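Below: one structure, written as structure tokens.
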Amino acid sequence: MKNFLIFLMACLFCSPVLAQQTDAMLFGDVKSKTTGEHLPYAVIRVKGTHLQTTADASGHFKLAHLPLGKQIVTASLEGYQEQRIEVRMERGKAADVYFLLADDILNMEQIVVTGTRTQHYVKNVPVRTEVITSEAFKSKNAQNVYEALEGVSGVRVEQQCQFCNFSMVRMQGLGAEHTQVLIDGEPIYSGLAGVYGLQQMGTTDLDRIEIVKGAGSALYGSSAVAGAINLISKEPTFEPSVKGDVQFGNWGHRSYNASGSMRVGRVGFSAFAQRVEADAVDATQEGLTRKEVNKKDGVSDRVESKLNNFGFGTYFYSPFAKRDKLVIRGKAMQEDRLGGTLKDDVYLNPFTEGTENINTNRLTSELAYTLPIGLRSELNYSAAYVHHKRRATNDTFLGDYMKTHGGAAPDVQAMRPYLARENTFTTSLTFGSQLGHHNLLIGAQAYFSKLRETGLYCIKDDKSAYFGESYTSLGKKHATEFGFFVQDEWNILPNLSVVPGVRLDTHNSGEEYASDKTVFDSAFPKTDFNETSVSPRLALKYEVSPSLILRANFGTGFRAPYGFSEDLHLCSGSPRVWKSSDLKAEKSMSFNLSADYYGKNYQLSANLFRTNLKNKIEFSDAGEDVRRLGYTYQWQNIDDAYVQGVELSVKYNPARNVKLGVNWTFNQGKYDHRRADWLDRLELMKGESADVVKRYEQYAKDSRNVSRFPAMTGDFVAEYTPGTWSFSLTGSLQGRMYIDYTFDGNTDLEIAQNSKIKKTDTFTTWNLRVAKKFRHFTLYAGGKNIFSYIQDEKHLDDAAFMYAPVYGATWYGGVSVSL
């Protein structure tokens, strides 16, 4: 560490010396090829170096001390294609260069960073990266990250709980626990945030979302088995700007958004605020057909919610050295969500049957520093800290107490909410250098997390001497991870790049529980996990022609048994979910092969993927031995598995103001063997009739399928923007998939007799948006799920039995202002 600090200080003091003082000057301007008008704030770069500048408000620029000889100078601006011009630079002399930028109708000139941790245009990046732009947020009316991720090929967002609307993201068939969500490149989206975080993180302050799937995400460590989703914050604009948006909709939807940014000299500042409110919705009930389901039952299908988001960003340009940058950001989030029995406003009382109330507070602080060293090297440091609190109540304790006390309710003075406090700190340091045809990157990352939680519980085991005793439990959980990685982007030929890389991770985590009174004859067992993993990655990009690009990726990964959001979703914490120290970390091996063809006004893409999982971890009811320890659920290594598929997409712009897009994915996911829980249920049913046994044999056979992984998905988008109008129509198709229904019974036989695996039907949902712009403000209106599709079966005793919308169309209208 001492030697590393000496190296860092040397870089800081020597960086001005390393820059070449050539007195070679470059002057020029940037114009639109279509209109001939000057384009302000285009970015001018010298290829192969870190030299860059920004055109002023009139579209002109100057750049000093360029390397001597032939240089490739580029100009880029969002919405336009990059242009490259070769110039010859001589010592003490000036050169002129004039750019004409063509429109980027396919959004291929978007700069991305997630695939390789270095900047590339999305068309040229060696690791295939997909981008959701801020314009896409508008067309989707995406108020939060959950809504922004809808309609992305290979990505599926879903709700997992009918009562609290717990949400999660699945990527290429694997769950949220396999997907690393990053905020500005840092993994601060923790287990506690993972429960409701997708709906709590707004899009007001986001510039874009970058998505890397499968093997391409190996450099991001544990939990990036399926891929990485990187939320990129907006930078301050050169021209002062103020934006506002007010929106109202049915079912009590109300949202208010405001943001502003400016730059003064070498300092930039941005700020945002968001308030979103929604009433509880009751639209469906228990039933076995859509006709039965499509009736109210007095229980919320969507929670009542009130969400507040606000934050700021301060940017210092060249604060300590030439071309360095310091960024400080802060965010705060507060949300209340209330659901349950709506009759007589019972759901507003947190300590009654059939209610669930959750209060969440999260504070986030980020720091990032970039230091160019000479012309071809760069040092990046970043750190982030998150303080997350949750206070939650549901009727779990109340129900357990009443069952063990003959229906009598506990003293209200003894009732307590579930409380959780989590502190997370993450930091990373990378050094990149361009050496000839190589772009080397080395880095280190550290992650620290502590979680403390308390909850009120009741002993339900009628064989226990403490049957019916209520107690408070304290849970202590921690995790520490260190990762070290190295990568080489080797441009072997002008059209061939190879990117080998490797990451070493060490993981330590543990859980410890205690109770305020003796309720078991032995102490709760501690758990401890230690894992060291080496994850290599190899990416290749071959440019067959300027229009056809082939990519291939191979990588391995691992997932440590810590921080499962499902534990925290249950508000059970403490002694309700068991993770044995004997749990093995999941290991993965992923392959991707893709082809992209870029025509003048269209793009064709295909992506083949496969991920093999070893020791896949799944959530299940606790076994008899584990139940004796006071746990209700447990995590287990159930089997090896694989997911695979092919993604196909077409983008076509038949006219300047018309955009069409279709993507289609075919999927398959299987375990190596039939699941043990369904084989046990089949064994219990062996004494029933032949038809019943045959049905459970089919369930056991179907249990090999990875749950909630549709056999196919599809998305369609059509946008038409004549003049100041804009029209958008989007549709999503979800194919058949398998989903478990687990009956809430008292005995294994009762559970087996009433549980099943359902094969869902294929369905589509459609969204519509219309907008009209008037100089500084825009009026808009639209709807989601406009044909009010709902799922055709519903069971209240299994809150996770959700596979389609459970309420109908949502309509909205609003006005936005931009100054």
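Just remember, in the structure tokens the first chain shown is A, the second B, etc., residues are 1-based per chain, and ligands are 1-based in the order shown.
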
Can you tell me which residues surround Lys758 of chain A at a distance of at most 10 Å, considering only C-alpha atoms, apart from same-chain residues fewer than 2 positions away, and format the answer as a PDB file with N, CA, C and O atoms, in the first residue's frame?
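Printed below is selection-v4.pdb as written:
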```
ATOM      1  N   TYR A 699     -45.974 -32.341 -13.137  1.00  0.00           N
ATOM      2  CA  TYR A 699     -45.396 -31.230 -12.363  1.00  0.00           C
ATOM      3  C   TYR A 699     -43.913 -31.472 -12.109  1.00  0.00           C
ATOM      4  O   TYR A 699     -43.087 -30.550 -12.228  1.00  0.00           O
ATOM      5  N   ASP A 702     -42.080 -30.840 -15.257  1.00  0.00           N
ATOM      6  CA  ASP A 702     -42.021 -29.406 -15.552  1.00  0.00           C
ATOM      7  C   ASP A 702     -41.071 -28.654 -14.615  1.00  0.00           C
ATOM      8  O   ASP A 702     -40.601 -27.564 -14.956  1.00  0.00           O
ATOM      9  N   SER A 707     -37.951 -21.383 -13.605  1.00  0.00           N
ATOM     10  CA  SER A 707     -39.204 -20.670 -13.394  1.00  0.00           C
ATOM     11  C   SER A 707     -39.122 -19.230 -13.890  1.00  0.00           C
ATOM     12  O   SER A 707     -38.058 -18.603 -13.863  1.00  0.00           O
ATOM     13  N   ARG A 736     -45.078 -18.227 -23.269  1.00  0.00           N
ATOM     14  CA  ARG A 736     -45.408 -19.169 -22.196  1.00  0.00           C
ATOM     15  C   ARG A 736     -44.210 -19.392 -21.278  1.00  0.00           C
ATOM     16  O   ARG A 736     -43.063 -19.443 -21.718  1.00  0.00           O
ATOM     17  N   MET A 737     -44.510 -19.540 -19.997  1.00  0.00           N
ATOM     18  CA  MET A 737     -43.463 -19.834 -19.027  1.00  0.00           C
ATOM     19  C   MET A 737     -44.060 -20.636 -17.883  1.00  0.00           C
ATOM     20  O   MET A 737     -45.291 -20.759 -17.767  1.00  0.00           O
ATOM     21  N   TYR A 738     -43.201 -21.181 -17.043  1.00  0.00           N
ATOM     22  CA  TYR A 738     -43.631 -21.991 -15.900  1.00  0.00           C
ATOM     23  C   TYR A 738     -43.469 -21.186 -14.619  1.00  0.00           C
ATOM     24  O   TYR A 738     -42.465 -20.508 -14.419  1.00  0.00           O
ATOM     25  N   ILE A 739     -44.472 -21.277 -13.743  1.00  0.00           N
ATOM     26  CA  ILE A 739     -44.420 -20.574 -12.471  1.00  0.00           C
ATOM     27  C   ILE A 739     -45.059 -21.441 -11.392  1.00  0.00           C
ATOM     28  O   ILE A 739     -46.102 -22.080 -11.617  1.00  0.00           O
ATOM     29  N   ASP A 740     -44.441 -21.494 -10.222  1.00  0.00           N
ATOM     30  CA  ASP A 740     -44.940 -22.308  -9.112  1.00  0.00           C
ATOM     31  C   ASP A 740     -46.066 -21.600  -8.374  1.00  0.00           C
ATOM     32  O   ASP A 740     -46.004 -20.393  -8.141  1.00  0.00           O
ATOM     33  N   TYR A 741     -47.076 -22.366  -8.009  1.00  0.00           N
ATOM     34  CA  TYR A 741     -48.039 -21.913  -7.010  1.00  0.00           C
ATOM     35  C   TYR A 741     -47.889 -22.833  -5.810  1.00  0.00           C
ATOM     36  O   TYR A 741     -48.070 -24.051  -5.906  1.00  0.00           O
ATOM     37  N   SER A 755     -50.836 -27.526  -4.333  1.00  0.00           N
ATOM     38  CA  SER A 755     -49.842 -26.758  -5.084  1.00  0.00           C
ATOM     39  C   SER A 755     -49.766 -27.261  -6.522  1.00  0.00           C
ATOM     40  O   SER A 755     -50.238 -28.354  -6.845  1.00  0.00           O
ATOM     41  N   LYS A 756     -49.154 -26.455  -7.378  1.00  0.00           N
ATOM     42  CA  LYS A 756     -49.034 -26.865  -8.780  1.00  0.00           C
ATOM     43  C   LYS A 756     -47.985 -26.019  -9.489  1.00  0.00           C
ATOM     44  O   LYS A 756     -47.495 -25.015  -8.943  1.00  0.00           O
ATOM     45  N   THR A 760     -48.143 -20.669 -18.219  1.00  0.00           N
ATOM     46  CA  THR A 760     -48.945 -19.497 -18.559  1.00  0.00           C
ATOM     47  C   THR A 760     -49.177 -19.388 -20.066  1.00  0.00           C
ATOM     48  O   THR A 760     -48.469 -20.008 -20.872  1.00  0.00           O
ATOM     49  N   ASP A 761     -50.155 -18.582 -20.445  1.00  0.00           N
ATOM     50  CA  ASP A 761     -50.446 -18.330 -21.850  1.00  0.00           C
ATOM     51  C   ASP A 761     -49.635 -17.147 -22.368  1.00  0.00           C
ATOM     52  O   ASP A 761     -49.212 -16.266 -21.607  1.00  0.00           O
ATOM     53  N   GLU A 793     -55.341 -16.077 -13.482  1.00  0.00           N
ATOM     54  CA  GLU A 793     -55.444 -16.890 -12.268  1.00  0.00           C
ATOM     55  C   GLU A 793     -54.762 -16.133 -11.137  1.00  0.00           C
ATOM     56  O   GLU A 793     -53.725 -15.508 -11.340  1.00  0.00           O
ATOM     57  N   PHE A 801     -47.215 -15.330  -6.707  1.00  0.00           N
ATOM     58  CA  PHE A 801     -47.827 -15.929  -7.891  1.00  0.00           C
ATOM     59  C   PHE A 801     -48.322 -14.800  -8.805  1.00  0.00           C
ATOM     60  O   PHE A 801     -49.502 -14.485  -8.868  1.00  0.00           O
TER      61      PHE A 801
END
```

Requested in this report: Please return as a VMD selection string: the residues of segment 161-199 of chain A that backbone DSSP assigns to strand (DSSP E or B).
Outcome: chain A and resid 167 to 171 174 179 to 183 186

Each residue of segment 92-139 of chain A lying at most 9 Å from segment 65-78 of chain A should get a row with its shortest atom-to-atom pair and the distance in Å to one decimal, counting only C-alpha atoms; could you produce that, ordered by chain and increasing number, as JSON lines?
```
{"residue": "A:Gly92", "atom": "CA", "partner": "A:His65", "partner_atom": "CA", "distance": 8.9}
{"residue": "A:Val97", "atom": "CA", "partner": "A:Val73", "partner_atom": "CA", "distance": 8.7}
{"residue": "A:Phe99", "atom": "CA", "partner": "A:Ala75", "partner_atom": "CA", "distance": 7.0}
{"residue": "A:Leu100", "atom": "CA", "partner": "A:Ala75", "partner_atom": "CA", "distance": 8.9}
{"residue": "A:Leu101", "atom": "CA", "partner": "A:Ser76", "partner_atom": "CA", "distance": 7.8}
{"residue": "A:Asp104", "atom": "CA", "partner": "A:Glu78", "partner_atom": "CA", "distance": 8.1}
{"residue": "A:Asn107", "atom": "CA", "partner": "A:Glu78", "partner_atom": "CA", "distance": 8.3}
{"residue": "A:Glu109", "atom": "CA", "partner": "A:Glu78", "partner_atom": "CA", "distance": 7.1}
{"residue": "A:Gln110", "atom": "CA", "partner": "A:Glu78", "partner_atom": "CA", "distance": 6.6}
{"residue": "A:Ile111", "atom": "CA", "partner": "A:Glu78", "partner_atom": "CA", "distance": 8.7}
```

Dump N, CA, C and O atoms for the selected residues as a tab-separated table (two decimals), in the first residue's frame?
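Saved the output as part_24.tsv:
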```tsv
chain	number	residue	atom	x	y	z
A	92	GLY	N	5.08	24.81	-33.15
A	92	GLY	CA	4.97	26.25	-33.24
A	92	GLY	C	4.06	26.76	-34.34
A	92	GLY	O	4.02	27.96	-34.60
A	97	VAL	N	-9.21	23.04	-39.05
A	97	VAL	CA	-10.01	21.88	-39.42
A	97	VAL	C	-11.48	22.25	-39.22
A	97	VAL	O	-11.83	22.90	-38.23
A	99	PHE	N	-15.49	20.76	-39.36
A	99	PHE	CA	-16.29	19.55	-39.31
A	99	PHE	C	-17.71	19.81	-39.80
A	99	PHE	O	-18.30	20.86	-39.51
A	100	LEU	N	-18.26	18.83	-40.54
A	100	LEU	CA	-19.67	18.81	-40.93
A	100	LEU	C	-20.25	17.49	-40.43
A	100	LEU	O	-19.92	16.42	-40.95
A	101	LEU	N	-21.10	17.54	-39.41
A	101	LEU	CA	-21.62	16.33	-38.77
A	101	LEU	C	-22.97	15.94	-39.34
A	101	LEU	O	-23.88	16.77	-39.41
A	104	ASP	N	-27.30	11.36	-36.64
A	104	ASP	CA	-27.14	9.97	-36.19
A	104	ASP	C	-28.53	9.38	-35.96
A	104	ASP	O	-29.04	9.35	-34.83
A	107	ASN	N	-28.70	6.31	-33.51
A	107	ASN	CA	-28.10	6.45	-32.18
A	107	ASN	C	-26.89	5.55	-31.98
A	107	ASN	O	-26.70	4.98	-30.90
A	109	GLU	N	-23.73	6.68	-32.25
A	109	GLU	CA	-22.58	7.46	-31.80
A	109	GLU	C	-22.66	7.77	-30.31
A	109	GLU	O	-21.94	8.64	-29.81
A	110	GLN	N	-23.53	7.08	-29.60
A	110	GLN	CA	-23.63	7.24	-28.15
A	110	GLN	C	-22.37	6.68	-27.49
A	110	GLN	O	-21.93	5.57	-27.79
A	111	ILE	N	-21.76	7.44	-26.59
A	111	ILE	CA	-20.56	6.97	-25.88
A	111	ILE	C	-20.99	6.09	-24.71
A	111	ILE	O	-21.88	6.45	-23.94
```

Query raised in the report: With only C-alpha atoms as the basis for distance, which of A:Ser818, A:Ser222, A:Ser470, A:Leu371 is at the shortest distance from Asp411 of chain A?
Result: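 Answer, going by the shortest atom-to-atom distance: A:Ser470.
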
**Report entry** Pick from A:Ser305, A:Asn491, A:Ser259, A:Asn601 nearest to Gly436 of chain A, counting only C-alpha atoms
**Finding:**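 Answer, going by the shortest atom-to-atom distance: A:Asn491.
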
Query - Shell of 7 Å around segment 679-681 of chain A, only C-alpha atoms, local chain residues under 3 positions omitted, as a PyMOL selection string - result: chain A and resi 675-676+684-685+700+752

Query raised in the report: Near Trp725 of chain A, counting only C-alpha atoms, which residues have an atom at most 8 Å away, once you skip same-chain residues fewer than 5 positions from it, shown as a list of chain:residue names?
Result: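 Selected residues are A:Val770, A:Ala771, A:Lys772, A:Lys773.
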
**Report entry** For Gly468 of chain A: contacts at 7 Å, only C-alpha atoms, fewer than 6 positions along chain excluded, given as a ChimeraX atom specification
**Finding:** /A:401,404-405,458-460

Requested in this report: Report the residues of segment 54-264 of chain A whose backbone DSSP state falls under alpha helix (DSSP H), written as a ChimeraX atom specification.
Outcome: /A:134-140,145-148,193-200

Requested in this report: Would you list the contacts of segment 718-724 of chain A as number ranges by chain, taking every protein, DNA or RNA residue within 8 Å and counting only C-alpha atoms, but skipping same-chain residues closer than 5 positions in sequence?
Outcome: A: 657-661, 729-730, 772-774

Query raised in the report: For Val806 of chain A, which residue among A:Thr284, A:Ser581, A:Asn349, A:Gln274 is the nearest when counting only C-alpha atoms?
Result: A:Thr284
